[in-house]
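Report on the structure given below.
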Amino acid sequence: MLCTAHGRKGSGKTLAANSKTEPYNPAEIEAKWRDAWEKNPVNVNDGKRPKYYCLDMFPYPSGSGLHVGHWRGYVISDVWSRYQMMHGNHYVIHPMGWDAFGLPAENYAIQHGVHPAITTRENVDNIRKQIRQIGAIYDWDMEVNTTDPAYFKWTQWIFVQLFKKGLAYQKEMPVNWCPSCKTGLANEEVVDGKCERCHSEVTKKNLKQWMLKITAYADRLLEGLNGLDWPEKVKKMQTDWIGKSYGAEVDFEIDWSDVGEPADGRIRMLRDRYIRVYTTRPDTLYGATFMVLAPEHALVTQLATAEQKEAVDAYVRQAMNKSNVDRLQDKEKTGVFTGSYAINPLNGERIPIWIADYVLADYGTGAIMCVPAHDERDFAFAKKFGLKIVQVIAKDGEEIPDMQEAYTEASGIMINSGEWNGRESGELKLAAPDEIEKKGFGEKKVNYKLRDWVFSRQRYWGEPIPIVHCDDCGAVPVPEEELPLTLPEVEKYEPTGTGESPLAAIDEWVNTTCPHCKRKAKRETNTMPQWAGSSWYFLRYVDVHNDKELVSKEKADAYLPVDMYIGGVEHAVLHLLYARFWTKFLHDIGVVSFDEPFKKLFNQGMITGKNGVKMSKSLGNVVSPDDLIRDYGCDSLRMYELFVGPPELDSEWDDRGIDGVYRFLSRFWRLVHENKDRDVEETTELLKVRHQMIHTISTRLAQFNLNTVISGFMEYNNRLLEMSAEGGVDKETLRVFVRLIAPVAPHIAEELWQRLGETDSVFHSSWPEADASLMQENTVEIAVQVSGRVRATITIDTDCAKEDAVAKAKEALGDKLSGTIVKEIYVPGKIVNLVVKP
RNA sequence: GCCGGUGUGUCGGAAUUGGCAGACGAGGCAGACUCAAAAUCUGUUGCGGGCAACCGCGUGCGGGUUCAAGUCCCGCCACCGGCACCA
């Protein structure tokens, strides 16, 4: 719009005459300001300004360094931080640290015998150097490293508090086991039945594990989402992961008469009288025509009759051998009849009890009532095995003669349902749990998909779990004054693969005394998962050197929680859920006074290689920022990272485009130099452009439309270059432009600010304010349409009345207008449309 | 299967409440400067037709609402991401 309205014709000569300015030399000015800012940081806490906490998801310091994709997130957060600093006059907390425990360093240690602490230190040093090149305002005095004993002392301390509150407990159970990483995994770390890290197929292994009772917080984790300014997508993923459902548990009496007495004449043990099921559709209870138990269900062997015993045993054995992946992917229903029956508590009918692996042992009660008429899975099972189908909800009160598919909606009229007949099923669905409870054969029940967090890992490079096992006292926490409990030096980092950590082999470390009774005891040898350190690091940044507390109450209240959290979407149900859980716990024990850590979350899109392929070392499509900085400078790369596309979407990287922003910066440099020493009058035209520019850029920045912020700069730069050639640009407009561009291209902005005669940093200046009265256009060019087709354009006053606009439009159309006008439409500032009939 | 996102020139992408589709940039083409090249600057660049003014067609596909649809409604398709036998 800016350029089409004002042709650039003839401006070339004038520009050439004035263009003998010093060329833009990013390498020189960027080095200059990097040093200057290091000596005199621009973002200091004077205790007077309001705080703004802008946080990046801290990186794992991998050996391969950063690529342009990592950069994008850090650039976005820095632009936002600097904008907050200038715009709201905030003291911005913008820290960086290292999530440094984890497998790559440990695997490297196994292969090369180098201690993970050494590899980690080297990688951290390297990546810190790379991150410094971004020219961001990170406060390196706040740096944290999860592997630093002074840090993980508090990770262990939190574990001890969880233990004391009964939220950390041990349990022996089949856990997800990665045979390649040789460690147990949390549910959240199993993706499609595969290990989140190495993609090996996950198996089950019976291990005694430390568990964290995240389920105790299920409801609060769910409800807390409502108040968060997070992407809906992430909230939805967490909601689904928590998986809350409402329904009822119902007891079905077992009819033991089909199961004979044991052949060997032994007397039966006391038998269970009931099978308990969980259902979200208690309204369909009259339609329950069979039951299915998970193969792992405790009653399976007892329920098998003599005739069915062999088939049942075979089925159970086969189900146990099936891998998780197979069991999930095989949608074809399989199952076997136990030979036994149970009684439907409502209608007293005998219904067969089956076993099938589509019923999961660890959800609900591991047993279900089956209503084939109203559940797809039960329908498929009933069809396959010829079981009875009874319809209990009818859409229009009419029974379907031969059902071909399940009717799964909870709306319709109850039929075949005794005293429930005629009721509306949606209403009954809500009322049934209470009615069943009153009848005495069940109770109202809420269920969650969320499972407790498997918290131990059988690996070396993690925080040791601070527990001592004593024969007499049981599990006893290491006394808080003895924390941190550091890792022993080992010779072999290799995981044993038996489910024991390599720490178990270090006798002098393992053998200790019980803190409680002082007798001989053994240390816990499992370590914590990677997620432990990252579940609370954002709290530590504001009080890194505190050796008395995790964070002081004073600092927590002053600087927390996080106002803006920026990172990839891949942690939606891992880190972000765990961090919320720990924050709520720390709130409950009085460490912090808020219970949601991250008020606003922004997920930046991924930068990919050509054709949307993820950048990876093995594919050889990784683009390193280092060369680009050398050739174009940091400011150009920062701008290009934003210019490639909307920040929330994935973008394919194409090196060629960076030339465009480099050219822009050179021209911007020229614009300022052409005019800084001229004495140009502040015309209304210049004022108008200046204030429109402030408005446009500020709006786009505030809305996080960062790619269009860059294109906006380019447009205004082009416009101002024309004006520079025509009569010049006044100094205040240049000063405004420099301030607007400062968050995005800090080095060039600071340099030009100085060259405009300023002595203080541009970041200590205030954000320009747009004056709406000065940005008004007097005239506007609008399109004239005839029956919706553009036939002419006219220039009219902005406040032009309808009659005048239409008259002018008719004039402009001349003989292009024929037929009779049936309707005249005028939208001020937009369009005139004359609808004609031929 | 369910949920979410995306689909616009050669490419990346613009387009407040429906109001001149293609801003800005990349690439291409032409020109200026140059012995020449690079850099820089200028012009041009959706498709089709016409010497031209101009006309027609164009935002994944098919319908619809409207004076007017990339934008709203209905029905599809493709790709990406998440969840996936949770009773």
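If you're wondering about the labels, chains in the structure tokens are A, B, ... by order shown, residues count from 1 in each chain, ligands from 1 in order shown.
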
request  = Identify, on the basis of only C-alpha atoms (C1' of nucleotides), every residue whose closest approach to Asn621 in chain A does not exceed 9 Å; exclude the query and any residue fewer than 5 positions from it along the same chain; express the result as a PyMOL selection string.
outcome  = chain A and resi 608-610+613-616

Counting only C-alpha atoms (C1' of nucleotides), give me one row per residue of chain B with an atom at most 12 Å from an atom of chain A, showing the shortest contact pair and its distance in Å to one decimal, sorted by chain then residue number, as a tab-separated table.
residue	atom	partner	partner_atom	distance
B:G1	C1'	A:Glu376	CA	10.8
B:C2	C1'	A:Asp240	CA	11.7
B:C3	C1'	A:Lys236	CA	8.7
B:G4	C1'	A:Lys233	CA	6.4
B:G5	C1'	A:Leu649	CA	9.2
B:U6	C1'	A:Leu649	CA	9.2
B:C11	C1'	A:Asp654	CA	9.6
B:G12	C1'	A:Val644	CA	6.2
B:G13	C1'	A:Gly645	CA	6.5
B:A14	C1'	A:Thr708	CA	7.8
B:A15	C1'	A:Met1	CA	11.1
B:U16	C1'	A:Thr699	CA	10.5
B:G18	C1'	A:Lys830	CA	11.8
B:G19	C1'	A:Lys830	CA	5.7
B:C20	C1'	A:Ala783	CA	5.5
B:A23	C1'	A:Met1	CA	6.8
B:C24	C1'	A:Ser711	CA	4.6
B:G25	C1'	A:Gly660	CA	5.9
B:A26	C1'	A:Gly657	CA	5.1
B:G27	C1'	A:Arg656	CA	9.1
B:A32	C1'	A:Gly12	CA	9.8
B:C33	C1'	A:Ala16	CA	10.4
B:A39	C1'	A:Arg663	CA	10.9
B:U40	C1'	A:Ala16	CA	9.3
B:C41	C1'	A:Gly12	CA	6.3
B:U42	C1'	A:Gly12	CA	6.5
B:G43	C1'	A:Lys9	CA	9.1
B:C54	C1'	A:Arg791	CA	10.5
B:C55	C1'	A:Arg791	CA	11.4
B:U66	C1'	A:Gly788	CA	10.8
B:C67	C1'	A:Val835	CA	6.0
B:A68	C1'	A:Gly788	CA	5.6
B:A69	C1'	A:Gly788	CA	11.6
B:C79	C1'	A:Gly612	CA	11.1
B:C80	C1'	A:Gly612	CA	9.4
B:G81	C1'	A:Val569	CA	10.0
B:G82	C1'	A:Met237	CA	7.2
B:C83	C1'	A:Asp240	CA	7.6
B:A84	C1'	A:Leu328	CA	8.7
B:C85	C1'	A:Tyr358	CA	5.0
B:C86	C1'	A:Tyr363	CA	6.3
B:A87	C1'	A:Thr279	CA	5.7

Exercise: range 342-346 of chain A partners within 6 Å, only C-alpha atoms (C1' of nucleotides), chain neighbours under 2 positions left out, as a list in words =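 So, after excluding close chain neighbours, the residues are Phe252, Glu253, Ile254, Asp255, Gly348, Glu349, Arg350 and Ile351 of chain A.
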
Can those selected residues be exported to a file as a short mmCIF file (atom, residue, chain, number, x, y, z; two decimals), in the first residue's frame so that it contains C-alpha atoms?
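Wrote selection35.cif, looks like this:
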data_model
loop_
_atom_site.label_atom_id
_atom_site.label_comp_id
_atom_site.auth_asym_id
_atom_site.auth_seq_id
_atom_site.Cartn_x
_atom_site.Cartn_y
_atom_site.Cartn_z
CA PHE A 252 -22.28 -57.97 39.30
CA GLU A 253 -22.87 -61.06 41.44
CA ILE A 254 -21.00 -64.10 40.26
CA ASP A 255 -22.92 -67.29 39.69
CA GLY A 348 -31.49 -60.51 37.14
CA GLU A 349 -30.39 -62.07 33.85
CA ARG A 350 -27.49 -64.50 33.71
CA ILE A 351 -24.84 -63.04 31.46
#

message = I'd like the contact shell of C47 in chain B - 12 Å cut-off, only C-alpha atoms (C1' of nucleotides), skipping same-chain residues fewer than 5 positions apart - returned as number ranges by chain.
response = B: 9, 56-58

Residues near range 153-167 of chain A, cut-off 7 Å, only C-alpha atoms (C1' of nucleotides), skip fewer than 2 positions along chain, as a PDB file with N, CA and C atoms, in the first residue's frame:
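Listing of selection-v4.pdb after writing:
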ATOM      1  N   PRO A 149      25.827 -29.936  42.124  1.00  0.00           N
ATOM      2  CA  PRO A 149      25.332 -30.403  43.428  1.00  0.00           C
ATOM      3  C   PRO A 149      24.608 -29.311  44.215  1.00  0.00           C
ATOM      4  N   ALA A 150      25.064 -28.063  44.066  1.00  0.00           N
ATOM      5  CA  ALA A 150      24.392 -26.972  44.778  1.00  0.00           C
ATOM      6  C   ALA A 150      22.976 -26.779  44.259  1.00  0.00           C
ATOM      7  N   TYR A 151      22.745 -27.210  43.030  1.00  0.00           N
ATOM      8  CA  TYR A 151      21.385 -27.151  42.479  1.00  0.00           C
ATOM      9  C   TYR A 151      20.604 -28.401  42.869  1.00  0.00           C
ATOM     10  N   TYR A 169       6.404 -42.922  46.881  1.00  0.00           N
ATOM     11  CA  TYR A 169       6.247 -44.239  47.499  1.00  0.00           C
ATOM     12  C   TYR A 169       6.852 -45.290  46.579  1.00  0.00           C
ATOM     13  N   LEU A 212       5.771 -41.164  42.071  1.00  0.00           N
ATOM     14  CA  LEU A 212       5.260 -39.913  42.632  1.00  0.00           C
ATOM     15  C   LEU A 212       3.764 -39.853  42.370  1.00  0.00           C
ATOM     16  N   LYS A 213       3.056 -39.477  43.426  1.00  0.00           N
ATOM     17  CA  LYS A 213       1.596 -39.538  43.371  1.00  0.00           C
ATOM     18  C   LYS A 213       1.013 -38.304  42.678  1.00  0.00           C
ATOM     19  N   ILE A 465      18.571 -40.781  44.287  1.00  0.00           N
ATOM     20  CA  ILE A 465      17.374 -40.652  45.123  1.00  0.00           C
ATOM     21  C   ILE A 465      17.817 -40.737  46.583  1.00  0.00           C
ATOM     22  N   PRO A 466      17.565 -39.718  47.377  1.00  0.00           N
ATOM     23  CA  PRO A 466      18.148 -39.613  48.720  1.00  0.00           C
ATOM     24  C   PRO A 466      17.404 -40.444  49.756  1.00  0.00           C
ATOM     25  N   PRO A 477      14.552 -41.263  54.618  1.00  0.00           N
ATOM     26  CA  PRO A 477      15.193 -40.230  53.798  1.00  0.00           C
ATOM     27  C   PRO A 477      16.539 -39.805  54.370  1.00  0.00           C
ATOM     28  N   GLU A 480      18.156 -33.869  55.777  1.00  0.00           N
ATOM     29  CA  GLU A 480      18.281 -32.715  54.893  1.00  0.00           C
ATOM     30  C   GLU A 480      19.645 -32.036  54.989  1.00  0.00           C
ATOM     31  N   LEU A 483      22.270 -33.321  52.568  1.00  0.00           N
ATOM     32  CA  LEU A 483      22.120 -33.105  51.129  1.00  0.00           C
ATOM     33  C   LEU A 483      23.094 -32.008  50.682  1.00  0.00           C
ATOM     34  N   PRO A 484      23.600 -31.999  49.485  1.00  0.00           N
ATOM     35  CA  PRO A 484      23.264 -32.960  48.442  1.00  0.00           C
ATOM     36  C   PRO A 484      23.952 -34.316  48.629  1.00  0.00           C
ATOM     37  N   ALA A 532      13.257 -34.391  36.481  1.00  0.00           N
ATOM     38  CA  ALA A 532      13.257 -33.902  37.857  1.00  0.00           C
ATOM     39  C   ALA A 532      13.793 -32.472  37.933  1.00  0.00           C
ATOM     40  N   GLY A 533      14.982 -32.281  37.414  1.00  0.00           N
ATOM     41  CA  GLY A 533      15.625 -30.976  37.525  1.00  0.00           C
ATOM     42  C   GLY A 533      14.864 -29.866  36.821  1.00  0.00           C
ATOM     43  N   LEU A 550      15.494 -23.283  48.934  1.00  0.00           N
ATOM     44  CA  LEU A 550      15.318 -23.507  47.500  1.00  0.00           C
ATOM     45  C   LEU A 550      15.158 -22.140  46.807  1.00  0.00           C
TER      46      LEU A 550
END

inquiry  = I want to know what sits within 8 Å of Phe704 in chain A, based on only C-alpha atoms (C1' of nucleotides), with residues of the same chain fewer than 3 positions away left out; could you give that as an NGL selection string?
reply    = :A and (647 or 700-701)

Could you write out the selected residues, including C-alpha atoms, as a tab-separated table (two decimals), in the first residue's frame?
chain	number	residue	atom	x	y	z
A	647	PRO	CA	6.47	-17.67	14.85
A	700	ARG	CA	1.98	-6.22	15.37
A	701	LEU	CA	4.59	-6.64	18.09

task = Quick one: everything within 12 Å of Trp669 in chain A, counting only C-alpha atoms (C1' of nucleotides), minus sequence neighbours fewer than 2 positions away in the same chain. Send it as a PyMOL selection string.
result = chain A and resi 19+21-26+29+662-667+671-676+717+721+734+737-738+741+745+747-753+755-756

Can you pull out every residue from range 371-454 of chain A that DSSP, working from the backbone, puts in strand (DSSP E or B), and format the result as a tab-separated table (two decimals) with N, CA, C and O atoms, in the first residue's frame?
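The resulting file, part.tsv, is reproduced below:
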chain	number	residue	atom	x	y	z
A	393	ILE	N	-31.70	-47.87	24.20
A	393	ILE	CA	-32.00	-46.47	23.87
A	393	ILE	C	-32.47	-46.44	22.43
A	393	ILE	O	-31.84	-47.03	21.55
A	394	ALA	N	-33.60	-45.79	22.20
A	394	ALA	CA	-34.12	-45.67	20.84
A	394	ALA	C	-34.20	-44.20	20.49
A	394	ALA	O	-34.70	-43.40	21.27
A	413	ILE	N	-34.80	-42.25	23.88
A	413	ILE	CA	-35.75	-42.71	24.90
A	413	ILE	C	-35.39	-44.12	25.34
A	413	ILE	O	-35.06	-44.97	24.51
A	414	MET	N	-35.44	-44.35	26.65
A	414	MET	CA	-35.10	-45.67	27.18
A	414	MET	C	-36.18	-46.69	26.83
A	414	MET	O	-37.38	-46.42	26.98
A	424	GLU	N	-35.48	-40.04	29.34
A	424	GLU	CA	-34.55	-39.54	28.34
A	424	GLU	C	-33.15	-40.00	28.75
A	424	GLU	O	-32.73	-39.84	29.89
A	442	GLY	N	-23.84	-50.50	43.75
A	442	GLY	CA	-22.73	-49.78	43.10
A	442	GLY	C	-22.62	-48.40	43.67
A	442	GLY	O	-23.30	-48.05	44.64
A	443	GLU	N	-21.70	-47.62	43.09
A	443	GLU	CA	-21.55	-46.25	43.56
A	443	GLU	C	-21.04	-45.34	42.46
A	443	GLU	O	-20.46	-45.79	41.47
A	444	LYS	N	-21.29	-44.08	42.68
A	444	LYS	CA	-20.82	-43.04	41.79
A	444	LYS	C	-19.29	-43.06	41.77
A	444	LYS	O	-18.68	-43.30	42.81
A	445	LYS	N	-18.70	-42.81	40.58
A	445	LYS	CA	-17.24	-42.90	40.53
A	445	LYS	C	-16.66	-42.01	39.44
A	445	LYS	O	-17.20	-41.92	38.34
A	446	VAL	N	-15.57	-41.34	39.78
A	446	VAL	CA	-14.83	-40.55	38.81
A	446	VAL	C	-13.53	-41.28	38.53
A	446	VAL	O	-12.90	-41.79	39.45
A	447	ASN	N	-13.15	-41.35	37.28
A	447	ASN	CA	-11.91	-42.04	36.91
A	447	ASN	C	-10.97	-41.13	36.13
A	447	ASN	O	-11.41	-40.18	35.51
A	453	TRP	N	3.53	-41.21	38.57
A	453	TRP	CA	4.75	-40.95	37.80
A	453	TRP	C	5.86	-41.92	38.24
A	453	TRP	O	6.29	-41.85	39.38
A	454	VAL	N	6.25	-42.79	37.35
A	454	VAL	CA	7.36	-43.71	37.64
A	454	VAL	C	8.63	-42.88	37.70
A	454	VAL	O	9.04	-42.28	36.71
